[in-house]
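A.B. asks: Below is the file entry-v2.cif, with mmCIF, C-alpha atoms.
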```cif
data_input
#
loop_
_atom_site.label_atom_id
_atom_site.label_comp_id
_atom_site.auth_asym_id
_atom_site.auth_seq_id
_atom_site.Cartn_x
_atom_site.Cartn_y
_atom_site.Cartn_z
CA MET A 1 128.04 98.37 110.53
CA GLU A 2 128.67 98.20 114.28
CA LYS A 3 129.18 94.85 116.04
CA ILE A 4 128.14 94.11 119.59
CA ASN A 5 129.85 91.15 121.25
CA LEU A 6 127.99 89.02 123.77
CA LYS A 7 128.81 86.03 125.93
CA THR A 8 125.71 83.99 126.72
CA ASN A 9 125.54 81.90 129.90
CA LYS A 10 122.87 79.24 129.46
CA ARG A 11 121.46 77.00 126.73
CA VAL A 12 118.33 79.13 126.52
CA GLU A 13 118.05 82.69 127.83
CA LEU A 14 116.85 86.18 126.92
CA ILE A 15 119.55 88.83 127.39
CA ASP A 16 118.62 92.52 127.53
CA ILE A 17 120.84 94.31 124.97
CA THR A 18 119.03 97.66 125.00
CA ALA A 19 121.89 99.54 126.70
CA LYS A 20 124.47 98.07 124.29
CA ILE A 21 122.43 99.22 121.29
CA GLN A 22 121.98 102.65 122.83
CA SER A 23 125.80 102.88 123.24
CA ALA A 24 126.34 102.01 119.57
CA LEU A 25 123.80 104.69 118.73
CA ALA A 26 125.59 107.31 120.84
CA LYS A 27 128.75 106.77 118.78
CA ALA A 28 126.86 107.25 115.51
CA LYS A 29 125.67 110.74 116.49
CA ILE A 30 122.47 110.49 114.45
CA ASN A 31 119.53 112.35 115.96
CA HIS A 32 116.66 111.11 113.80
CA GLY A 33 116.60 107.91 111.79
CA VAL A 34 116.15 104.18 111.93
CA CYS A 35 118.24 101.60 113.78
CA PHE A 36 118.42 98.12 112.23
CA ILE A 37 119.53 95.21 114.42
CA PHE A 38 120.54 91.84 112.98
CA CYS A 39 121.39 88.48 114.55
CA PRO A 40 123.89 86.57 112.36
CA HIS A 41 123.25 83.21 114.09
CA THR A 42 120.83 80.38 113.18
CA THR A 43 120.20 79.15 116.72
CA ALA A 44 119.38 82.54 118.24
CA GLY A 45 117.13 85.47 117.42
CA LEU A 46 115.96 88.90 118.54
CA THR A 47 112.78 90.10 120.19
CA ILE A 48 111.31 93.05 122.06
CA ASN A 49 109.35 92.43 125.25
CA GLU A 50 108.80 93.54 128.85
CA ASN A 51 111.67 95.14 130.76
CA ALA A 52 110.16 95.00 134.26
CA ASP A 53 109.07 91.61 135.66
CA PRO A 54 111.76 88.96 134.86
CA SER A 55 109.10 86.25 134.97
CA VAL A 56 107.96 87.39 131.50
CA LYS A 57 111.30 86.18 130.15
CA SER A 58 110.97 82.79 131.85
CA ASP A 59 107.36 82.44 130.65
CA ILE A 60 108.47 83.08 127.05
CA ILE A 61 111.31 80.56 127.40
CA ASN A 62 109.17 77.90 129.08
CA THR A 63 106.25 78.28 126.66
CA LEU A 64 108.54 77.89 123.65
CA ASN A 65 110.29 74.91 125.29
CA LYS A 66 106.93 73.21 125.77
CA LEU A 67 105.88 73.83 122.16
CA ILE A 68 109.30 73.00 120.68
CA PRO A 69 111.04 70.62 123.09
CA PRO A 70 114.80 70.02 122.71
CA ASP A 71 114.30 66.26 122.20
CA ALA A 72 111.39 65.49 119.86
CA GLY A 73 112.89 63.09 117.32
CA TYR A 74 114.34 65.71 114.98
CA ALA A 75 116.28 64.80 111.81
CA HIS A 76 119.09 67.30 112.45
CA SER A 77 121.71 65.40 114.43
CA GLU A 78 123.46 68.19 116.33
CA GLY A 79 121.00 68.25 119.23
CA ASN A 80 119.88 71.81 118.48
CA ALA A 81 117.04 71.39 115.98
CA ASP A 82 114.69 73.07 118.47
CA SER A 83 117.07 76.06 118.59
CA HIS A 84 116.86 76.48 114.80
CA VAL A 85 113.03 76.42 114.90
CA LYS A 86 112.96 78.98 117.73
CA SER A 87 115.39 81.18 115.77
CA SER A 88 112.90 81.35 112.87
CA LEU A 89 109.97 82.10 115.19
CA PHE A 90 111.71 85.00 116.96
CA GLY A 91 113.22 86.22 113.70
CA PRO A 92 116.71 87.62 112.99
CA ALA A 93 115.99 91.32 112.54
CA LEU A 94 114.47 94.30 114.35
CA THR A 95 113.83 97.88 113.28
CA ILE A 96 113.63 100.63 115.93
CA PHE A 97 113.17 104.37 115.42
CA ILE A 98 115.67 106.97 116.63
CA GLU A 99 114.40 110.31 117.93
CA ASN A 100 116.64 112.94 119.55
CA GLY A 101 119.57 110.52 119.49
CA SER A 102 117.76 107.82 121.48
CA LEU A 103 116.04 104.52 120.66
CA SER A 104 112.27 105.06 120.63
CA LEU A 105 110.84 102.21 122.68
CA GLY A 106 107.53 101.89 124.50
CA THR A 107 107.53 102.37 128.29
CA TRP A 108 107.79 98.65 129.04
CA GLN A 109 109.95 97.56 126.09
CA ALA A 110 113.50 96.20 126.09
CA VAL A 111 115.43 94.56 123.24
CA TYR A 112 116.40 90.95 123.90
CA PHE A 113 118.94 88.60 122.35
CA CYS A 114 117.19 85.21 122.35
CA GLU A 115 119.87 82.58 122.94
CA SER A 116 118.52 79.11 122.13
CA ASP A 117 121.75 77.06 121.94
CA GLY A 118 124.26 78.55 124.37
CA PRO A 119 126.39 79.20 126.20
CA ARG A 120 128.46 80.74 123.39
CA PRO A 121 130.12 83.93 122.25
CA ARG A 122 127.64 85.76 120.00
CA GLU A 123 127.41 88.90 117.88
CA VAL A 124 124.65 91.39 117.11
CA TRP A 125 125.06 93.69 114.11
CA ILE A 126 123.72 97.23 114.00
CA LYS A 127 123.27 99.73 111.19
CA ILE A 128 121.78 103.20 111.45
CA ILE A 129 120.22 105.14 108.59
CA LYS A 130 119.71 108.89 108.92
CA GLU A 131 116.23 110.19 108.25
CA MET B 1 107.65 109.84 113.51
CA GLU B 2 103.89 109.70 113.04
CA LYS B 3 101.63 108.18 115.70
CA ILE B 4 98.38 106.34 114.99
CA ASN B 5 95.97 106.04 117.91
CA LEU B 6 93.78 102.96 118.26
CA LYS B 7 91.10 101.80 120.67
CA THR B 8 90.88 98.03 120.81
CA ASN B 9 87.60 96.32 121.74
CA LYS B 10 88.37 92.78 122.91
CA ARG B 11 91.06 90.91 124.86
CA VAL B 12 92.36 89.36 121.63
CA GLU B 13 91.66 90.69 118.16
CA LEU B 14 93.29 91.58 114.84
CA ILE B 15 92.48 95.12 113.69
CA ASP B 16 93.07 96.16 110.07
CA ILE B 17 95.17 99.35 110.18
CA THR B 18 96.05 99.51 106.48
CA ALA B 19 93.93 102.61 105.77
CA LYS B 20 95.37 104.45 108.79
CA ILE B 21 98.92 103.76 107.61
CA GLN B 22 98.02 104.87 104.10
CA SER B 23 96.67 108.15 105.55
CA ALA B 24 99.92 108.77 107.43
CA LEU B 25 101.73 108.10 104.17
CA ALA B 26 99.61 110.59 102.26
CA LYS B 27 100.69 113.35 104.67
CA ALA B 28 104.36 112.49 104.18
CA LYS B 29 104.21 113.08 100.41
CA ILE B 30 106.95 110.58 99.64
CA ASN B 31 106.51 108.76 96.34
CA HIS B 32 109.15 106.05 96.61
CA GLY B 33 110.67 104.72 99.79
CA VAL B 34 110.16 102.45 102.75
CA CYS B 35 107.52 102.63 105.46
CA PHE B 36 108.49 101.29 108.90
CA ILE B 37 105.73 100.41 111.36
CA PHE B 38 106.39 99.82 115.05
CA CYS B 39 104.23 98.59 117.95
CA PRO B 40 105.41 100.12 121.27
CA HIS B 41 103.50 97.60 123.42
CA THR B 42 104.63 94.27 124.92
CA THR B 43 101.24 92.54 124.84
CA ALA B 44 100.44 93.30 121.21
CA GLY B 45 102.20 93.00 117.86
CA LEU B 46 101.89 93.54 114.12
CA THR B 47 101.29 91.18 111.22
CA ILE B 48 100.27 91.10 107.58
CA ASN B 49 97.65 88.61 106.45
CA GLU B 50 94.50 88.11 104.36
CA ASN B 51 92.12 91.04 103.85
CA ALA B 52 89.16 89.11 102.42
CA ASP B 53 87.67 86.27 104.51
CA PRO B 54 87.39 87.37 108.19
CA SER B 55 87.60 83.71 109.27
CA VAL B 56 91.37 83.88 108.59
CA LYS B 57 91.64 86.35 111.49
CA SER B 58 89.65 84.09 113.83
CA ASP B 59 91.70 81.03 112.76
CA ILE B 60 94.93 82.88 113.59
CA ILE B 61 93.54 83.97 116.97
CA ASN B 62 92.13 80.54 117.86
CA THR B 63 95.25 78.65 116.77
CA LEU B 64 97.49 80.88 118.90
CA ASN B 65 95.07 80.61 121.84
CA LYS B 66 95.26 76.81 121.64
CA LEU B 67 99.08 76.82 121.49
CA ILE B 68 99.50 79.55 124.12
CA PRO B 69 96.42 79.45 126.37
CA PRO B 70 95.73 82.39 128.72
CA ASP B 71 95.85 80.16 131.80
CA ALA B 72 98.74 77.68 131.71
CA GLY B 73 100.47 78.16 135.06
CA TYR B 74 102.66 81.09 134.05
CA ALA B 75 105.06 82.78 136.50
CA HIS B 76 104.06 86.35 135.48
CA SER B 77 101.25 87.29 137.83
CA GLU B 78 99.33 89.88 135.79
CA GLY B 79 97.22 87.34 133.92
CA ASN B 80 98.68 88.30 130.54
CA ALA B 81 101.76 86.08 130.20
CA ASP B 82 100.20 84.51 127.08
CA SER B 83 99.86 88.04 125.60
CA HIS B 84 103.59 88.67 126.05
CA VAL B 85 104.49 85.39 124.33
CA LYS B 86 102.14 86.14 121.41
CA SER B 87 103.67 89.62 121.13
CA SER B 88 107.11 88.08 120.55
CA LEU B 89 105.75 85.59 117.99
CA PHE B 90 103.98 88.24 115.89
CA GLY B 91 106.88 90.66 116.31
CA PRO B 92 106.83 94.44 116.91
CA ALA B 93 107.95 95.76 113.51
CA LEU B 94 106.98 95.66 109.84
CA THR B 95 108.64 97.10 106.74
CA ILE B 96 106.53 97.87 103.67
CA PHE B 97 107.63 99.45 100.38
CA ILE B 98 106.16 102.68 99.00
CA GLU B 99 105.68 103.08 95.25
CA ASN B 100 103.89 106.03 93.64
CA GLY B 101 102.87 107.32 97.07
CA SER B 102 101.10 104.10 98.08
CA LEU B 103 101.89 101.12 100.30
CA SER B 104 102.98 98.18 98.12
CA LEU B 105 101.00 95.21 99.41
CA GLY B 106 100.08 91.94 97.71
CA THR B 107 96.52 91.56 96.38
CA TRP B 108 95.25 89.79 99.51
CA GLN B 109 97.34 91.58 102.13
CA ALA B 110 96.25 93.90 104.93
CA VAL B 111 98.27 95.17 107.90
CA TYR B 112 96.91 94.07 111.27
CA PHE B 113 97.41 95.31 114.82
CA CYS B 114 97.44 92.11 116.92
CA GLU B 115 95.82 92.98 120.25
CA SER B 116 96.50 90.23 122.79
CA ASP B 117 95.57 91.96 126.07
CA GLY B 118 92.79 94.44 125.36
CA PRO B 119 90.59 96.29 125.35
CA ARG B 120 92.93 99.29 125.65
CA PRO B 121 94.01 102.48 123.96
CA ARG B 122 97.04 101.63 121.81
CA GLU B 123 99.53 103.37 119.52
CA VAL B 124 101.31 102.41 116.34
CA TRP B 125 104.38 104.40 115.28
CA ILE B 126 105.31 105.06 111.65
CA LYS B 127 108.43 106.39 110.00
CA ILE B 128 109.04 106.83 106.28
CA ILE B 129 112.42 106.92 104.60
CA LYS B 130 112.74 108.32 101.08
CA GLU B 131 114.45 106.10 98.53
CA MET C 1 111.60 97.82 93.60
CA GLU C 2 113.01 94.61 92.12
CA LYS C 3 110.85 91.50 91.76
CA ILE C 4 112.12 87.94 92.02
CA ASN C 5 109.92 85.27 90.45
CA LEU C 6 109.77 81.80 91.98
CA LYS C 7 108.01 78.56 91.16
CA THR C 8 107.44 76.44 94.25
CA ASN C 9 107.18 72.66 93.99
CA LYS C 10 105.40 71.34 97.09
CA ARG C 11 102.59 72.38 99.45
CA VAL C 12 105.14 73.22 102.15
CA GLU C 13 108.81 73.86 101.52
CA LEU C 14 111.68 76.22 102.32
CA ILE C 15 113.44 77.51 99.20
CA ASP C 16 116.89 79.12 99.45
CA ILE C 17 116.65 82.48 97.66
CA THR C 18 119.99 83.92 98.84
CA ALA C 19 121.61 83.78 95.38
CA LYS C 20 118.60 85.44 93.74
CA ILE C 21 118.72 88.30 96.24
CA GLN C 22 122.45 88.66 95.73
CA SER C 23 121.85 88.93 91.95
CA ALA C 24 119.29 91.70 92.44
CA LEU C 25 121.85 93.43 94.65
CA ALA C 26 124.57 93.19 92.01
CA LYS C 27 122.34 95.08 89.56
CA ALA C 28 121.74 97.87 92.10
CA LYS C 29 125.47 98.64 92.43
CA ILE C 30 125.15 99.83 96.03
CA ASN C 31 128.19 99.09 98.17
CA HIS C 32 126.88 99.92 101.63
CA GLY C 33 123.27 100.03 102.70
CA VAL C 34 120.28 97.97 103.69
CA CYS C 35 118.39 95.38 101.67
CA PHE C 36 114.66 94.98 102.44
CA ILE C 37 112.92 91.79 101.32
CA PHE C 38 109.13 91.47 101.23
CA CYS C 39 106.77 88.55 100.60
CA PRO C 40 103.49 89.78 99.04
CA HIS C 41 101.60 86.54 99.78
CA THR C 42 99.43 85.58 102.77
CA THR C 43 100.15 81.84 102.73
CA ALA C 44 103.94 82.14 102.59
CA GLY C 45 106.65 84.02 104.47
CA LEU C 46 110.38 84.64 104.78
CA THR C 47 112.98 83.41 107.21
CA ILE C 48 116.73 83.10 107.69
CA ASN C 49 118.17 79.80 108.88
CA GLU C 50 120.93 77.21 108.36
CA ASN C 51 122.42 76.76 104.89
CA ALA C 52 124.30 73.49 105.53
CA ASP C 53 122.32 70.47 106.77
CA PRO C 54 119.02 70.19 104.82
CA SER C 55 117.45 68.36 107.78
CA VAL C 56 117.13 71.75 109.53
CA LYS C 57 114.60 72.75 106.85
CA SER C 58 112.60 69.54 107.30
CA ASP C 59 112.69 69.92 111.11
CA ILE C 60 111.29 73.46 110.80
CA ILE C 61 108.56 72.27 108.42
CA ASN C 62 107.64 69.21 110.49
CA THR C 63 107.61 71.08 113.80
CA LEU C 64 105.29 73.77 112.41
CA ASN C 65 103.07 71.10 110.82
CA LYS C 66 102.73 69.39 114.19
CA LEU C 67 101.87 72.66 115.98
CA ILE C 68 99.61 73.96 113.20
CA PRO C 69 98.24 70.92 111.34
CA PRO C 70 96.56 71.44 107.94
CA ASP C 71 93.29 69.91 109.15
CA ALA C 72 92.28 71.15 112.61
CA GLY C 73 88.70 72.32 112.18
CA TYR C 74 89.49 75.82 110.94
CA ALA C 75 86.74 78.31 109.99
CA HIS C 76 88.44 79.40 106.73
CA SER C 77 87.04 77.11 104.06
CA GLU C 78 89.83 77.10 101.46
CA GLY C 79 91.84 74.33 103.14
CA ASN C 80 94.81 76.61 103.80
CA ALA C 81 94.06 78.18 107.19
CA ASP C 82 97.25 76.58 108.57
CA SER C 83 99.21 78.30 105.78
CA HIS C 84 97.89 81.72 106.83
CA VAL C 85 98.88 81.09 110.46
CA LYS C 86 102.37 79.95 109.43
CA SER C 87 102.69 83.05 107.23
CA SER C 88 102.16 85.29 110.28
CA LEU C 89 104.64 83.30 112.40
CA PHE C 90 107.45 83.46 109.83
CA GLY C 91 106.61 87.07 108.98
CA PRO C 92 106.54 88.84 105.60
CA ALA C 93 109.66 91.00 105.78
CA LEU C 94 113.42 90.73 106.33
CA THR C 95 116.14 93.36 106.61
CA ILE C 96 119.74 92.45 105.72
CA PHE C 97 122.80 94.70 105.67
CA ILE C 98 124.93 95.30 102.57
CA GLU C 99 128.68 95.70 102.92
CA ASN C 100 131.08 95.92 99.97
CA GLY C 101 128.26 95.15 97.56
CA SER C 102 127.33 91.86 99.27
CA LEU C 103 124.60 90.69 101.63
CA SER C 104 126.01 90.48 105.17
CA LEU C 105 124.90 87.11 106.50
CA GLY C 106 126.34 84.97 109.27
CA THR C 107 128.47 81.96 108.27
CA TRP C 108 125.59 79.48 108.45
CA GLN C 109 122.76 81.74 107.26
CA ALA C 110 120.68 81.53 104.09
CA VAL C 111 117.48 83.40 103.21
CA TYR C 112 114.46 81.14 102.70
CA PHE C 113 111.10 81.61 101.03
CA CYS C 114 108.67 79.69 103.26
CA GLU C 115 106.01 78.21 100.98
CA SER C 116 103.05 76.99 103.04
CA ASP C 117 100.39 76.54 100.33
CA GLY C 118 102.12 75.55 97.10
CA PRO C 119 102.95 74.60 94.52
CA ARG C 120 102.43 78.03 92.95
CA PRO C 121 104.20 80.82 91.12
CA ARG C 122 105.35 83.34 93.75
CA GLU C 123 107.11 86.69 93.97
CA VAL C 124 109.57 88.25 96.38
CA TRP C 125 110.04 92.02 96.34
CA ILE C 126 113.35 93.72 97.09
CA LYS C 127 114.31 97.31 97.78
CA ILE C 128 117.75 98.65 98.58
CA ILE C 129 118.51 101.86 100.46
CA LYS C 130 121.98 103.39 100.25
CA GLU C 131 123.69 104.14 103.54
#
```
I need this file expressed as structure tokens, please.
C.D. replies:
Amino acid sequence: MEKINLKTNKRVELIDITAKIQSALAKAKINHGVCFIFCPHTTAGLTINENADPSVKSDIINTLNKLIPPDAGYAHSEGNADSHVKSSLFGPALTIFIENGSLSLGTWQAVYFCESDGPRPREVWIKIIKE
Amino acid sequence: MEKINLKTNKRVELIDITAKIQSALAKAKINHGVCFIFCPHTTAGLTINENADPSVKSDIINTLNKLIPPDAGYAHSEGNADSHVKSSLFGPALTIFIENGSLSLGTWQAVYFCESDGPRPREVWIKIIKE
Amino acid sequence: MEKINLKTNKRVELIDITAKIQSALAKAKINHGVCFIFCPHTTAGLTINENADPSVKSDIINTLNKLIPPDAGYAHSEGNADSHVKSSLFGPALTIFIENGSLSLGTWQAVYFCESDGPRPREVWIKIIKE
């Protein structure tokens, strides 16, 4: 298992981690297989979405903030109940194919760490299985 | 990696791709293992849901349209910001077990391609790992 | 494939199944690999979230109930259309790493079965691939 270390900068943000995953992959020297990515945090998650127009990221963040506002009378007293809900909606795990030593993503896809209760130091775990 | 080609017919629809995945599986001749399914698009996704009453599909579509309407003052200017958000909520990847050469699904389950910005030609990628 | 049997107790609840998965893992005697978990039902799902304060579970349940209420004029006539929508939002599959014979989870993470149309007998399917 490889660990990627991140430092997030805001309470809520999407951080492109595609290059970091590709670097972990380069070390593994596996040409064809499957790359599993796991977020070990309960107030963050992982997603794949557009890598071009940054307004897609802000639309995702703002839409989720409208649906799941930070202050909506939650029972959990730490002020981050919304972050836990968002974590379950994004999900903690992604699976991406490896072909010719590279992540196989669609033309417009990047992998994002979905911070919902930052800023904090965070980790992303990676495991690669050979085909 | 196998590629399935699709042609979607509406802006938003759920298309049952179970039989197409099963065909890809038949070619692979693997009796026991894991089938990974990946959507390389950022305005579509994948899900598993009921295969019997088609109103389940329309309820899923209509509920998501109410929560994430196409026109809600988004920053992304291409008119498909809602499609990107839905893509992240459905997710891009599924993992299904293979037993005796067949996809192991529950009685009422089918695999759906979740088009959120069609109609378009689309792809679904498949990889199978032997147990 | 291993099967875990569950009996859910309420219409909507999150049930911690981490220990049951760990038991299935112990039988498999695989030290390093990947554990795939699959929910074969269309009105339930799987998620990973906080294992400490039980109010996180009720906040997740209540937030989803507000966004996707049980009675909102759905087309599906079985009274569980909301459960199908929730099933697609949680998702049917999880992937967790195995290191030294144990599930690799973050400090605050537990694996939850997300019942959205109980009480019922339910199953969770598990498959483990060696690294």
A.B. asks: May I have the protein, DNA and RNA residues with any atom at most 12 Å from the point (100.8, 85.7, 129.2), counting all atoms listed in the file, written as a PDB file with C-alpha atoms, in the frame of the given file?
C.D. replies:
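Wrote it out as part.pdb, contents follow:
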```
ATOM      1  CA  ASN A  49     109.350  92.430 125.250  1.00  0.00           C
ATOM      2  CA  GLU A  50     108.800  93.540 128.850  1.00  0.00           C
ATOM      3  CA  SER A  55     109.100  86.250 134.970  1.00  0.00           C
ATOM      4  CA  VAL A  56     107.960  87.390 131.500  1.00  0.00           C
ATOM      5  CA  LYS A  57     111.300  86.180 130.150  1.00  0.00           C
ATOM      6  CA  SER A  58     110.970  82.790 131.850  1.00  0.00           C
ATOM      7  CA  ASP A  59     107.360  82.440 130.650  1.00  0.00           C
ATOM      8  CA  ILE A  60     108.470  83.080 127.050  1.00  0.00           C
ATOM      9  CA  ILE A  61     111.310  80.560 127.400  1.00  0.00           C
ATOM     10  CA  ASN A  62     109.170  77.900 129.080  1.00  0.00           C
ATOM     11  CA  THR A  63     106.250  78.280 126.660  1.00  0.00           C
TER      12      THR A  63
ATOM     13  CA  ARG B  11      91.060  90.910 124.860  1.00  0.00           C
ATOM     14  CA  VAL B  12      92.360  89.360 121.630  1.00  0.00           C
ATOM     15  CA  THR B  42     104.630  94.270 124.920  1.00  0.00           C
ATOM     16  CA  THR B  43     101.240  92.540 124.840  1.00  0.00           C
ATOM     17  CA  ALA B  44     100.440  93.300 121.210  1.00  0.00           C
ATOM     18  CA  LEU B  64      97.490  80.880 118.900  1.00  0.00           C
ATOM     19  CA  ASN B  65      95.070  80.610 121.840  1.00  0.00           C
ATOM     20  CA  LEU B  67      99.080  76.820 121.490  1.00  0.00           C
ATOM     21  CA  ILE B  68      99.500  79.550 124.120  1.00  0.00           C
ATOM     22  CA  PRO B  69      96.420  79.450 126.370  1.00  0.00           C
ATOM     23  CA  PRO B  70      95.730  82.390 128.720  1.00  0.00           C
ATOM     24  CA  ASP B  71      95.850  80.160 131.800  1.00  0.00           C
ATOM     25  CA  ALA B  72      98.740  77.680 131.710  1.00  0.00           C
ATOM     26  CA  GLY B  73     100.470  78.160 135.060  1.00  0.00           C
ATOM     27  CA  TYR B  74     102.660  81.090 134.050  1.00  0.00           C
ATOM     28  CA  ALA B  75     105.060  82.780 136.500  1.00  0.00           C
ATOM     29  CA  HIS B  76     104.060  86.350 135.480  1.00  0.00           C
ATOM     30  CA  SER B  77     101.250  87.290 137.830  1.00  0.00           C
ATOM     31  CA  GLU B  78      99.330  89.880 135.790  1.00  0.00           C
ATOM     32  CA  GLY B  79      97.220  87.340 133.920  1.00  0.00           C
ATOM     33  CA  ASN B  80      98.680  88.300 130.540  1.00  0.00           C
ATOM     34  CA  ALA B  81     101.760  86.080 130.200  1.00  0.00           C
ATOM     35  CA  ASP B  82     100.200  84.510 127.080  1.00  0.00           C
ATOM     36  CA  SER B  83      99.860  88.040 125.600  1.00  0.00           C
ATOM     37  CA  HIS B  84     103.590  88.670 126.050  1.00  0.00           C
ATOM     38  CA  VAL B  85     104.490  85.390 124.330  1.00  0.00           C
ATOM     39  CA  LYS B  86     102.140  86.140 121.410  1.00  0.00           C
ATOM     40  CA  SER B  87     103.670  89.620 121.130  1.00  0.00           C
ATOM     41  CA  SER B  88     107.110  88.080 120.550  1.00  0.00           C
ATOM     42  CA  SER B 116      96.500  90.230 122.790  1.00  0.00           C
ATOM     43  CA  ASP B 117      95.570  91.960 126.070  1.00  0.00           C
TER      44      ASP B 117
END
```
A.B. asks: Quick one: pull the distance between CA of Thr8 (chain C) and CA of Pro119 (chain C), Å, one decimal.
C.D. replies: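 Taking CA of Thr8 (chain C) and CA of Pro119 (chain C), their separation equals 4.9 Å.
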A.B. asks: With all atoms listed in the file as the atoms that count, which of C:Asn100, C:Glu2, C:Lys20, C:Gly106 lies nearest to chain B?
C.D. replies: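 Counting all atoms listed in the file, the residue closest to chain B is C:Glu2.
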A.B. asks: How many Å separate CA of Lys3 (chain A) from CA of Trp125 (chain A)?
C.D. replies: 4.7 Å
A.B. asks: To one decimal place in Å, what is the distance between CA of Phe90 (chain B) and CA of Arg122 (chain B)?
C.D. replies: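 These atoms are spaced 16.2 Å apart.
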A.B. asks: Can you translate the PyMOL selection byres ((chain B and resi 22) around 12) into the concrete residues it hits in this file, as number ranges by chain?
C.D. replies: B: 2, 4, 16-21, 23-30, 35, 37, 96-99, 101-105, 110-111, 126, 128
A.B. asks: I want to know what sits within 10 Å of Pro121 (chain B), based on only C-alpha atoms, with residues of the same chain fewer than 3 positions away left out; could you give that as a ChimeraX atom specification?
C.D. replies: /B:5-9,118
A.B. asks: Nearest to chain B: which of C:Arg120, C:Glu115, C:His41, C:Gly33 is it, counting all atoms listed in the file?
C.D. replies: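 Between C:Arg120, C:Glu115, C:His41, C:Gly33, the residue approaching chain B most closely is C:His41.
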A.B. asks: Starting from the displayed file, determine the output of the PyMOL selection byres ((chain B and resi 15) around 7) and express the residue list as a list in words.
C.D. replies: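 Applying the expression gives Glu13, Leu14, Asp16, Ile17, Tyr112, Phe113 and Cys114 of chain B.
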A.B. asks: Can you write region 91-107 of chain A from the block above with N, CA and C atoms, as a compact mmCIF listing (two decimals), in the first residue's frame?
C.D. replies:
```
# COMPACT_ATOMS: atom_id res chain seq x y z
N GLY A 91 -18.32 9.03 -1.56
CA GLY A 91 -17.79 7.67 -1.42
C GLY A 91 -16.30 7.69 -1.15
N PRO A 92 -15.77 6.61 -0.52
CA PRO A 92 -14.38 6.57 -0.08
C PRO A 92 -13.43 5.88 -1.04
N ALA A 93 -13.95 5.29 -2.13
CA ALA A 93 -13.08 4.42 -2.92
C ALA A 93 -13.31 4.61 -4.41
N LEU A 94 -12.20 4.53 -5.17
CA LEU A 94 -12.27 4.57 -6.63
C LEU A 94 -11.45 3.42 -7.21
N THR A 95 -11.83 2.98 -8.39
CA THR A 95 -11.11 1.93 -9.10
C THR A 95 -10.83 2.43 -10.51
N ILE A 96 -9.56 2.48 -10.88
CA ILE A 96 -9.16 2.99 -12.21
C ILE A 96 -8.25 1.97 -12.88
N PHE A 97 -8.44 1.77 -14.18
CA PHE A 97 -7.63 0.78 -14.90
C PHE A 97 -6.25 1.35 -15.22
N ILE A 98 -5.29 0.43 -15.33
CA ILE A 98 -3.93 0.78 -15.75
C ILE A 98 -3.65 0.09 -17.08
N GLU A 99 -3.25 0.88 -18.07
CA GLU A 99 -2.84 0.32 -19.37
C GLU A 99 -1.51 0.97 -19.76
N ASN A 100 -0.56 0.16 -20.17
CA ASN A 100 0.77 0.65 -20.56
C ASN A 100 1.39 1.55 -19.48
N GLY A 101 1.21 1.16 -18.23
CA GLY A 101 1.82 1.87 -17.11
C GLY A 101 1.15 3.17 -16.71
N SER A 102 0.04 3.51 -17.38
CA SER A 102 -0.64 4.78 -17.07
C SER A 102 -2.08 4.56 -16.60
N LEU A 103 -2.58 5.49 -15.80
CA LEU A 103 -4.00 5.50 -15.43
C LEU A 103 -4.83 5.69 -16.69
N SER A 104 -5.85 4.88 -16.87
CA SER A 104 -6.76 5.03 -18.01
C SER A 104 -7.94 5.91 -17.59
N LEU A 105 -7.87 7.17 -17.97
CA LEU A 105 -8.97 8.09 -17.67
C LEU A 105 -9.54 8.61 -18.98
N GLY A 106 -10.80 9.03 -18.95
CA GLY A 106 -11.39 9.68 -20.12
C GLY A 106 -10.72 11.04 -20.35
N THR A 107 -10.89 11.56 -21.56
CA THR A 107 -10.24 12.81 -21.98
C THR A 107 -10.40 13.94 -20.96
```
